[in-house]
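Next comes query.csv, a file with CSV, C-alpha atoms and all ligand atoms.
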chain,number,residue,atom,x,y,z
H,25,GLY,CA,29.9,129.9,79.6
H,26,MET,CA,29.2,132.6,82.1
H,27,THR,CA,29.0,131.8,85.8
H,28,ALA,CA,26.4,133.2,88.1
H,29,GLN,CA,27.2,135.3,91.2
H,30,ILE,CA,26.3,133.5,94.4
H,31,LEU,CA,23.8,135.1,96.6
H,32,ASP,CA,25.3,134.3,100.0
H,33,GLY,CA,22.3,133.7,102.3
H,34,LYS,CA,24.5,132.6,105.2
H,35,GLY,CA,26.4,135.9,105.1
H,36,LEU,CA,23.3,138.0,104.6
H,37,ALA,CA,21.5,136.2,107.5
H,38,ALA,CA,24.5,137.1,109.8
H,39,THR,CA,24.1,140.8,108.7
H,40,VAL,CA,20.4,140.8,109.3
H,41,ARG,CA,20.8,139.1,112.7
H,42,ALA,CA,23.4,141.6,113.8
H,43,ARG,CA,21.1,144.4,112.8
H,44,VAL,CA,18.2,142.9,114.8
H,45,ALA,CA,20.6,142.5,117.8
H,46,ALA,CA,21.6,146.2,117.5
H,47,GLU,CA,18.0,147.3,117.3
H,48,VAL,CA,17.1,145.2,120.3
H,49,ARG,CA,19.8,146.9,122.3
H,50,GLN,CA,19.1,150.4,121.1
H,51,ARG,CA,15.3,150.5,121.0
H,52,PHE,CA,14.1,147.8,123.4
H,53,SER,CA,16.7,147.5,126.2
H,54,ALA,CA,14.0,148.2,128.8
H,55,ARG,CA,11.9,145.3,127.7
H,56,PRO,CA,13.5,143.1,125.0
H,57,PRO,CA,11.3,141.5,122.4
H,58,SER,CA,10.1,138.0,123.3
H,59,LEU,CA,9.4,135.0,121.1
H,60,HIS,CA,7.5,131.9,122.3
H,61,VAL,CA,7.6,128.7,120.3
H,62,VAL,CA,5.2,125.8,120.6
H,63,LEU,CA,6.5,122.4,119.7
H,64,VAL,CA,4.1,119.5,119.8
H,65,GLY,CA,5.4,115.9,119.5
H,66,ASP,CA,8.9,114.6,118.8
H,67,ASP,CA,9.5,115.1,115.0
H,68,PRO,CA,13.3,115.2,114.8
H,69,ALA,CA,13.4,117.8,112.0
H,70,SER,CA,11.0,120.1,113.9
H,71,ALA,CA,13.2,119.7,117.0
H,72,VAL,CA,16.2,120.8,115.1
H,73,TYR,CA,14.4,123.8,113.5
H,74,VAL,CA,13.1,124.9,116.9
H,75,ARG,CA,16.6,124.6,118.5
H,76,ASN,CA,18.1,126.7,115.7
H,77,LYS,CA,15.4,129.4,116.2
H,78,GLU,CA,16.0,129.4,120.0
H,79,ARG,CA,19.7,129.8,119.5
H,80,ALA,CA,19.4,132.6,116.9
H,81,ALA,CA,16.8,134.5,119.1
H,82,ALA,CA,19.1,134.3,122.2
H,83,GLU,CA,22.1,135.5,120.2
H,84,ALA,CA,20.0,138.6,119.1
H,85,GLY,CA,19.0,139.4,122.7
H,86,ILE,CA,15.4,138.2,122.1
H,87,ALA,CA,13.8,136.6,125.2
H,88,GLY,CA,11.3,133.7,125.2
H,89,ALA,CA,10.9,130.0,125.7
H,90,ILE,CA,10.0,126.8,123.9
H,91,HIS,CA,6.8,125.2,125.1
H,92,ARG,CA,6.9,121.4,124.5
H,93,LEU,CA,3.8,119.2,124.5
H,94,PRO,CA,3.6,115.5,123.9
H,95,ALA,CA,2.5,114.1,120.5
H,96,ALA,CA,-0.7,112.8,122.2
H,97,ALA,CA,-1.6,116.4,123.4
H,98,SER,CA,-5.3,117.1,122.5
H,99,GLU,CA,-6.3,120.1,120.4
H,100,ALA,CA,-7.9,121.6,123.5
H,101,GLU,CA,-4.6,121.4,125.4
H,102,ILE,CA,-2.7,123.0,122.6
H,103,LEU,CA,-5.3,125.7,122.2
H,104,GLU,CA,-5.2,126.4,126.0
H,105,LEU,CA,-1.5,126.9,125.8
H,106,VAL,CA,-1.7,129.2,122.7
H,107,GLU,CA,-4.5,131.2,124.3
H,108,ARG,CA,-2.4,131.7,127.5
H,109,LEU,CA,0.5,133.0,125.4
H,110,ALA,CA,-1.9,135.1,123.4
H,111,ALA,CA,-3.2,136.8,126.5
H,112,ASP,CA,0.2,137.6,128.0
H,113,ASP,CA,1.2,141.2,127.3
H,114,ALA,CA,4.9,140.4,127.9
H,115,ILE,CA,4.9,138.0,124.9
H,116,ASP,CA,5.4,139.7,121.5
H,117,GLY,CA,5.7,136.7,119.1
H,118,ILE,CA,4.1,133.2,119.0
H,119,LEU,CA,5.2,130.6,116.6
H,120,VAL,CA,3.6,127.1,116.4
H,121,GLN,CA,6.0,124.8,114.8
H,122,LEU,CA,4.4,122.8,111.9
H,123,PRO,CA,3.5,120.2,111.2
H,124,LEU,CA,1.2,119.5,114.1
H,125,PRO,CA,0.1,115.9,114.8
H,126,ALA,CA,-2.5,114.6,112.4
H,127,HIS,CA,-5.3,114.6,115.0
H,128,VAL,CA,-5.0,118.3,115.4
H,129,GLN,CA,-6.7,120.9,113.1
H,130,SER,CA,-3.8,123.3,112.5
H,131,ALA,CA,-6.0,126.1,111.2
H,132,ARG,CA,-7.8,126.3,114.5
H,133,ILE,CA,-4.5,126.5,116.5
H,134,LEU,CA,-3.1,129.1,114.1
H,135,ALA,CA,-6.2,131.2,114.3
H,136,ALA,CA,-5.8,131.4,118.1
H,137,ILE,CA,-2.6,133.4,117.6
H,138,PRO,CA,-3.4,137.1,117.6
H,139,ALA,CA,-2.5,138.6,114.2
H,140,ARG,CA,-0.1,141.1,115.9
H,141,LYS,CA,1.8,138.3,117.5
H,142,ASP,CA,1.8,136.1,114.4
H,143,VAL,CA,5.6,136.1,113.6
H,144,ALA,CA,5.2,133.3,111.0
H,145,GLY,CA,2.8,135.5,109.0
H,146,PHE,CA,0.2,132.7,108.6
H,147,HIS,CA,-2.8,134.3,110.2
H,148,PRO,CA,-5.6,134.9,107.7
H,149,GLU,CA,-5.7,138.6,108.7
H,150,ASN,CA,-2.0,139.0,107.9
H,151,ALA,CA,-2.3,137.0,104.6
H,152,GLY,CA,-5.3,139.2,103.7
H,153,ARG,CA,-3.4,142.4,104.4
H,154,LEU,CA,-0.5,141.2,102.2
H,155,PHE,CA,-3.0,140.3,99.5
H,156,ARG,CA,-4.5,143.8,99.7
H,157,GLY,CA,-1.1,145.4,99.2
H,158,GLU,CA,-0.9,147.2,102.5
H,159,PRO,CA,2.4,148.8,103.3
H,160,LEU,CA,4.9,146.1,104.1
H,161,GLY,CA,6.7,147.4,107.2
H,162,GLU,CA,3.3,147.2,108.9
H,163,VAL,CA,2.3,143.6,108.2
H,164,LEU,CA,3.8,140.4,109.5
H,165,VAL,CA,4.6,138.3,106.3
H,166,PRO,CA,5.9,134.7,106.0
H,167,CYS,CA,9.6,134.4,106.8
H,168,THR,CA,10.8,132.4,103.8
H,169,PRO,CA,9.4,134.8,101.1
H,170,LEU,CA,10.6,137.8,103.1
H,171,GLY,CA,14.1,136.2,103.1
H,172,CYS,CA,13.9,135.8,99.4
H,173,MET,CA,13.1,139.5,98.9
H,174,HIS,CA,16.2,140.3,101.0
H,175,LEU,CA,18.3,138.0,98.8
H,176,LEU,CA,16.9,139.7,95.7
H,177,GLY,CA,17.9,143.0,97.2
H,178,LEU,CA,21.5,141.6,97.6
H,179,SER,CA,21.6,141.0,93.8
H,180,GLY,CA,21.0,144.7,93.2
H,181,VAL,CA,18.3,143.8,90.6
H,182,ASP,CA,15.3,146.2,90.9
H,183,PRO,CA,12.2,144.1,90.5
H,184,ARG,CA,10.2,147.1,89.2
H,185,GLY,CA,8.8,146.3,85.8
H,186,LYS,CA,10.7,143.0,85.6
H,187,ARG,CA,9.1,139.6,84.8
H,188,ALA,CA,9.0,137.4,87.9
H,189,VAL,CA,7.9,133.7,87.8
H,190,VAL,CA,7.2,131.9,91.1
H,191,VAL,CA,7.0,128.1,90.7
H,192,GLY,CA,4.8,126.8,93.5
H,193,ARG,CA,1.6,128.2,95.1
H,194,SER,CA,1.6,127.1,98.7
H,195,ALA,CA,0.1,129.4,101.3
H,196,ILE,CA,3.5,129.4,103.1
H,197,VAL,CA,5.9,130.1,100.3
H,198,GLY,CA,4.6,130.5,96.7
H,199,ARG,CA,1.6,132.7,97.2
H,200,PRO,CA,3.1,135.2,99.6
H,201,MET,CA,6.3,135.3,97.5
H,202,ALA,CA,4.2,136.3,94.5
H,203,MET,CA,2.5,139.0,96.5
H,204,LEU,CA,5.8,140.5,97.8
H,205,LEU,CA,7.1,140.6,94.2
H,206,LEU,CA,3.9,142.3,93.1
H,207,ALA,CA,4.2,144.8,95.9
H,208,ALA,CA,7.7,145.5,94.5
H,209,ASP,CA,6.2,146.3,91.1
H,210,ALA,CA,7.3,143.1,89.3
H,211,THR,CA,5.0,141.6,86.7
H,212,VAL,CA,4.3,138.2,88.4
H,213,THR,CA,3.3,134.8,87.1
H,214,ILE,CA,2.5,132.0,89.5
H,215,ALA,CA,3.2,128.5,88.1
H,216,HIS,CA,2.2,125.2,89.6
H,217,SER,CA,1.7,121.5,88.8
H,218,ARG,CA,-1.0,122.2,86.3
H,219,THR,CA,1.0,124.8,84.4
H,220,GLU,CA,1.4,124.0,80.7
H,221,ASN,CA,4.8,124.6,79.0
H,222,LEU,CA,6.5,125.3,82.4
H,223,ALA,CA,9.9,125.5,80.8
H,224,ALA,CA,8.8,128.2,78.4
H,225,VAL,CA,7.1,130.1,81.3
H,226,CYS,CA,10.3,130.0,83.3
H,227,GLN,CA,12.3,131.2,80.3
H,228,GLU,CA,10.5,134.5,80.5
H,229,ALA,CA,11.6,135.2,84.1
H,230,ASP,CA,14.1,137.9,85.0
H,231,ILE,CA,13.5,136.7,88.5
H,232,LEU,CA,12.8,133.0,89.0
H,233,VAL,CA,11.7,131.6,92.4
H,234,ALA,CA,11.5,127.8,92.7
H,235,ALA,CA,9.4,126.5,95.6
H,236,VAL,CA,8.3,123.1,94.4
H,237,GLY,CA,9.7,120.5,96.7
H,238,ARG,CA,11.3,118.4,94.0
H,239,PRO,CA,15.1,117.9,93.9
H,240,GLU,CA,16.9,119.6,90.9
H,241,PHE,CA,13.5,120.1,89.1
H,242,VAL,CA,14.3,123.4,87.4
H,243,ARG,CA,16.9,122.8,84.6
H,244,GLY,CA,19.5,125.1,83.2
H,245,SER,CA,17.7,125.3,79.8
H,246,TRP,CA,14.6,126.8,81.6
H,247,ILE,CA,16.6,129.9,82.8
H,248,LYS,CA,16.9,133.2,81.0
H,249,PRO,CA,20.5,134.2,80.7
H,250,GLY,CA,21.4,136.7,83.5
H,251,ALA,CA,18.3,136.0,85.5
H,252,VAL,CA,18.1,136.0,89.3
H,253,VAL,CA,17.3,132.5,90.6
H,254,LEU,CA,16.1,132.1,94.1
H,255,ASP,CA,15.9,128.4,95.2
H,256,VAL,CA,13.6,127.8,98.1
H,257,GLY,CA,13.8,124.0,97.8
H,258,SER,CA,15.3,122.0,100.6
H,259,ASN,CA,15.3,118.3,99.7
H,260,ARG,CA,17.3,115.6,101.4
H,261,VAL,CA,18.6,113.1,98.8
H,262,THR,CA,21.0,110.2,98.8
H,263,GLY,CA,24.3,111.1,97.1
H,264,VAL,CA,26.5,108.9,94.9
H,265,ASP,CA,28.5,108.0,98.0
H,266,GLY,CA,25.4,106.7,99.7
H,267,GLY,CA,25.4,109.6,102.2
H,268,SER,CA,22.6,112.1,102.5
H,269,LYS,CA,22.8,115.6,101.2
H,270,LEU,CA,20.6,118.7,100.8
H,271,VAL,CA,19.7,119.9,97.3
H,272,GLY,CA,17.4,122.6,96.0
H,273,ASP,CA,14.5,122.6,93.6
H,274,VAL,CA,17.0,124.0,90.9
H,275,HIS,CA,19.7,122.0,89.2
H,276,PHE,CA,22.5,124.2,90.5
H,277,ALA,CA,25.3,123.1,88.3
H,278,GLU,CA,23.3,123.7,85.1
H,279,ALA,CA,21.6,126.9,86.4
H,280,SER,CA,24.7,128.6,87.7
H,281,ALA,CA,26.1,128.4,84.1
H,282,VAL,CA,23.2,130.5,82.8
H,283,ALA,CA,21.8,132.7,85.6
H,284,GLY,CA,23.2,136.1,86.6
H,285,TRP,CA,22.7,135.4,90.3
H,286,ILE,CA,21.7,132.3,92.2
H,287,THR,CA,21.2,131.1,95.8
H,288,PRO,CA,23.0,127.9,96.8
H,289,VAL,CA,21.4,125.1,98.8
H,290,PRO,CA,22.4,124.9,101.6
H,291,GLY,CA,23.4,128.4,102.5
H,292,GLY,CA,20.9,130.4,100.5
H,293,VAL,CA,17.2,130.8,101.4
H,294,GLY,CA,17.4,128.5,104.5
H,295,PRO,CA,19.5,130.8,106.8
H,296,MET,CA,17.4,133.8,105.8
H,297,THR,CA,14.2,132.2,107.0
H,298,ILE,CA,15.4,132.2,110.6
H,299,ALA,CA,16.9,135.7,110.3
H,300,CYS,CA,13.5,137.0,109.1
H,301,LEU,CA,11.7,135.3,112.0
H,302,LEU,CA,13.9,137.5,114.2
H,303,GLU,CA,13.0,140.6,112.1
H,304,ASN,CA,9.3,139.7,112.5
H,305,THR,CA,9.7,139.4,116.2
H,306,LEU,CA,11.2,142.9,116.3
H,307,LEU,CA,8.2,144.2,114.3
H,308,ALA,CA,5.8,142.4,116.7
H,309,ARG,CA,7.6,144.1,119.6
H,310,SER,CA,7.1,147.5,118.0
H,311,PHE,CA,3.3,146.8,117.7
H,312,ALA,CA,3.2,146.3,121.5
H,313,ASP,CA,4.5,149.8,122.0
H,314,ALA,CA,2.1,151.2,119.5
H,315,ARG,CA,-1.0,149.8,121.3
O,401,LIG,P1,4.3,122.5,98.9
O,401,LIG,O1,4.4,121.0,98.7
O,401,LIG,O2,3.3,123.0,99.8
O,401,LIG,O3,4.0,123.2,97.5
O,401,LIG,C1,4.7,122.8,96.3
O,401,LIG,C2,4.2,123.6,95.2
O,401,LIG,O4,4.9,123.1,94.0
O,401,LIG,C3,2.7,123.3,94.9
O,401,LIG,O5,2.1,124.5,94.6
O,401,LIG,C4,2.7,122.4,93.7
O,401,LIG,O6,1.7,122.6,92.8
O,401,LIG,C5,4.0,122.8,93.0
O,401,LIG,N1,4.5,121.7,92.2
O,401,LIG,C6,4.7,120.4,92.6
O,401,LIG,N2,5.1,119.7,91.5
O,401,LIG,C7,5.2,120.5,90.5
O,401,LIG,C8,5.5,120.3,89.1
O,401,LIG,N3,5.8,119.1,88.7
O,401,LIG,N4,5.5,121.4,88.3
O,401,LIG,C9,5.2,122.6,88.8
O,401,LIG,N5,4.8,122.8,90.1
O,401,LIG,C10,4.8,121.8,90.9
O,401,LIG,O7,5.7,123.0,99.3
O,401,LIG,P2,6.2,124.4,100.1
O,401,LIG,O8,5.8,125.5,99.3
O,401,LIG,O9,5.9,124.3,101.5
O,401,LIG,O10,7.8,124.2,99.9
O,401,LIG,C11,8.5,124.1,98.7
O,401,LIG,C12,9.9,123.7,98.9
O,401,LIG,O11,10.5,124.7,99.7
O,401,LIG,C13,10.1,122.4,99.6
O,401,LIG,O12,11.3,121.8,99.1
O,401,LIG,C14,10.4,122.8,101.0
O,401,LIG,O13,11.2,121.9,101.7
O,401,LIG,C15,11.1,124.1,100.8
O,401,LIG,N6,11.0,125.0,102.0
O,401,LIG,C16,12.2,125.6,102.4
O,401,LIG,C17,12.1,126.5,103.4
O,401,LIG,C18,13.4,127.2,103.8
O,401,LIG,O14,13.5,127.9,104.8
O,401,LIG,N7,14.5,127.0,103.0
O,401,LIG,C19,10.9,126.9,104.1
O,401,LIG,C20,9.7,126.3,103.5
O,401,LIG,C21,9.8,125.4,102.5
O,401,LIG,P3,0.1,122.3,93.1
O,401,LIG,O15,-0.3,123.5,94.0
O,401,LIG,O16,-0.5,122.3,91.8
O,401,LIG,O17,0.1,121.0,93.8
Let's see the structure in the file written out as structure tokens.
Ligand code: NDP
Amino acid sequence: GMTAQILDGKGLAATVRARVAAEVRQRFSARPPSLHVVLVGDDPASAVYVRNKERAAAEAGIAGAIHRLPAAASEAEILELVERLAADDAIDGILVQLPLPAHVQSARILAAIPARKDVAGFHPENAGRLFRGEPLGEVLVPCTPLGCMHLLGLSGVDPRGKRAVVVGRSAIVGRPMAMLLLAADATVTIAHSRTENLAAVCQEADILVAAVGRPEFVRGSWIKPGAVVLDVGSNRVTGVDGGSKLVGDVHFAEASAVAGWITPVPGGVGPMTIACLLENTLLARSFADAR
């Protein structure tokens, strides 16, 4: 059978990061963009994500700091920190690493980040502007779906008029992904756990995005021959050798025999998420000049 072309997210992320670094030097040498990350508690996965973001930002010439609070920090203490960062004109981007401890209402914390500094794209104002179809270069949108759009661009497949199916409707991935595809003139279907005949829905897709959170959930038989498959899933599973490995929401071995283009896991969507955080920080920095 045919074999899909691999959409190399690692390579594309390096290109995006280099472009951000060049823009930082060329446009913002007087005051480089700054990104401040709030990390509450000691979740090991969050600690790794935050360290990776810090390293990528530093490599691109982006300034900033990580603000660590103990797991027992109260909602008021976290709010106080976010409000202090929000009020500081020298700070362009604020990212609160999720999940927050269970005793904290995340929505309250996230709403304290001014929309123009919301580099994660989670603020209701930014979500609303994306929903409204406002011009994309002017709105901070969530990093993972933005990264998926870049990967789609790498395939060379123009989404205009194409059938796109997004499996998953989370506020962080599925919904904004669908809005970005709609903005790019695709005909978009959002599927979820209540969708009937999911395999048949997916078979319609020229562009299939899987953001489900279930290892190897999308099978090869669900994929239209030649389709672009973007696999957002990042699931840690135990391999046959007893070691742990990362797999996507798509059954890669099956899907890559049918699809035209496919993102691997790891090395696909994951690295693009961080690269897009840097892109968003650059956009937030340009807002500071425009004010
Ligand atoms: P959520 O758990 O928030 O959402 C999962 C979605 O999948 C829901 O909308 C759910 O439907 C749907 N779903 C669950 N089971 C089924 C099913 N059997 N059939 C159809 N749809 C189903 O996850 P996220 O959106 O946050 O993340 C999705 C995946 O992407 C995860 O693997 C996560 O680890 C990964 N991820 C990777 C990132 C990266 O940078 N690579 C960044 C963010 C996430 P319903 O709404 O009906 O419950």
Exercise answer, 8 Å around ligand LIG 401 (chain O) with all atoms listed in the file, as number ranges by chain: H: 167-168, 191-198, 215-219, 222, 234-239, 241, 255-259, 272-273, 292-298
Can you measure CA of Thr305 in chain H to CA of Gly117 in chain H for me? One decimal in Å is fine.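 If I compute the distance from CA of Thr305 in chain H to CA of Gly117 in chain H, I get 5.6 Å.
Closest approach to Ser245 in chain H among H:Ala126, H:Ala277, H:Val106, H:Ala314 is made by H:Ala277 (distances from all atoms listed in the file).
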In Å to one decimal, how far is CA of Pro123 in chain H from CA of Leu63 in chain H?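 That distance, rounded to one decimal, is 9.3 Å.
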Near-Val189 in chain H list (12 Å; all atoms listed in the file; drop same-chain fewer than 3 positions) as number ranges by chain: H: 183, 186, 192-193, 198-199, 201-203, 205-206, 210-216, 219, 222-235, 246-248, 251-254
Quick one: of H:Gly152, H:Gly284, H:Ala308, H:Tyr73, who's nearest to Pro138 in chain H, counting only C-alpha atoms?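 Residue with the minimum atom-to-atom distance to Pro138 in chain H: H:Ala308.
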Atomic separation - CA of Glu240 in chain H relative to CA of Ile30 in chain H, Å: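 Between CA of Ile30 in chain H and CA of Glu240 in chain H the gap is 17.1 Å.
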Write out as a list of chain:residue names each polymer residue whose atoms come within 8 Å of Leu36 in chain H, counting all atoms listed in the file; drop sequence neighbours fewer than 3 positions from it.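 Everything that qualifies: H:Asp32, H:Gly33, H:Thr39, H:Val40, H:Leu175, H:Met296.
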Shell around Ala28 in chain H at 10 Å using all atoms listed in the file, local window under 3 positions removed, as an MDAnalysis selection string: chainID H and resid 25 31 249:253 279:287
Excluding range 154-159 of chain H and its own-chain neighbours fewer than 3 positions away, which residues fall within 12 Å of it when counting only C-alpha atoms? Please give them as a list in words. Gly145, Phe146, His147, Pro148, Glu149, Asn150, Ala151, Glu162, Val163, Leu164, Val165, Pro166, Pro169, Leu170, Ala195, Arg199, Pro200, Met201, Ala202, Met203, Leu204, Leu205, Leu206, Ala207, Ala208 and Asp209 of chain H
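In this comparison, which uses only C-alpha atoms, the residue of H:Cys300, H:Arg153, H:Leu306, H:Ala135 approaching Met173 in chain H most closely is H:Cys300.
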Using only C-alpha atoms, find the one residue out of H:Val72, H:Leu301, H:Leu178, H:Val120 that sits nearest to Leu103 in chain H. H:Val120
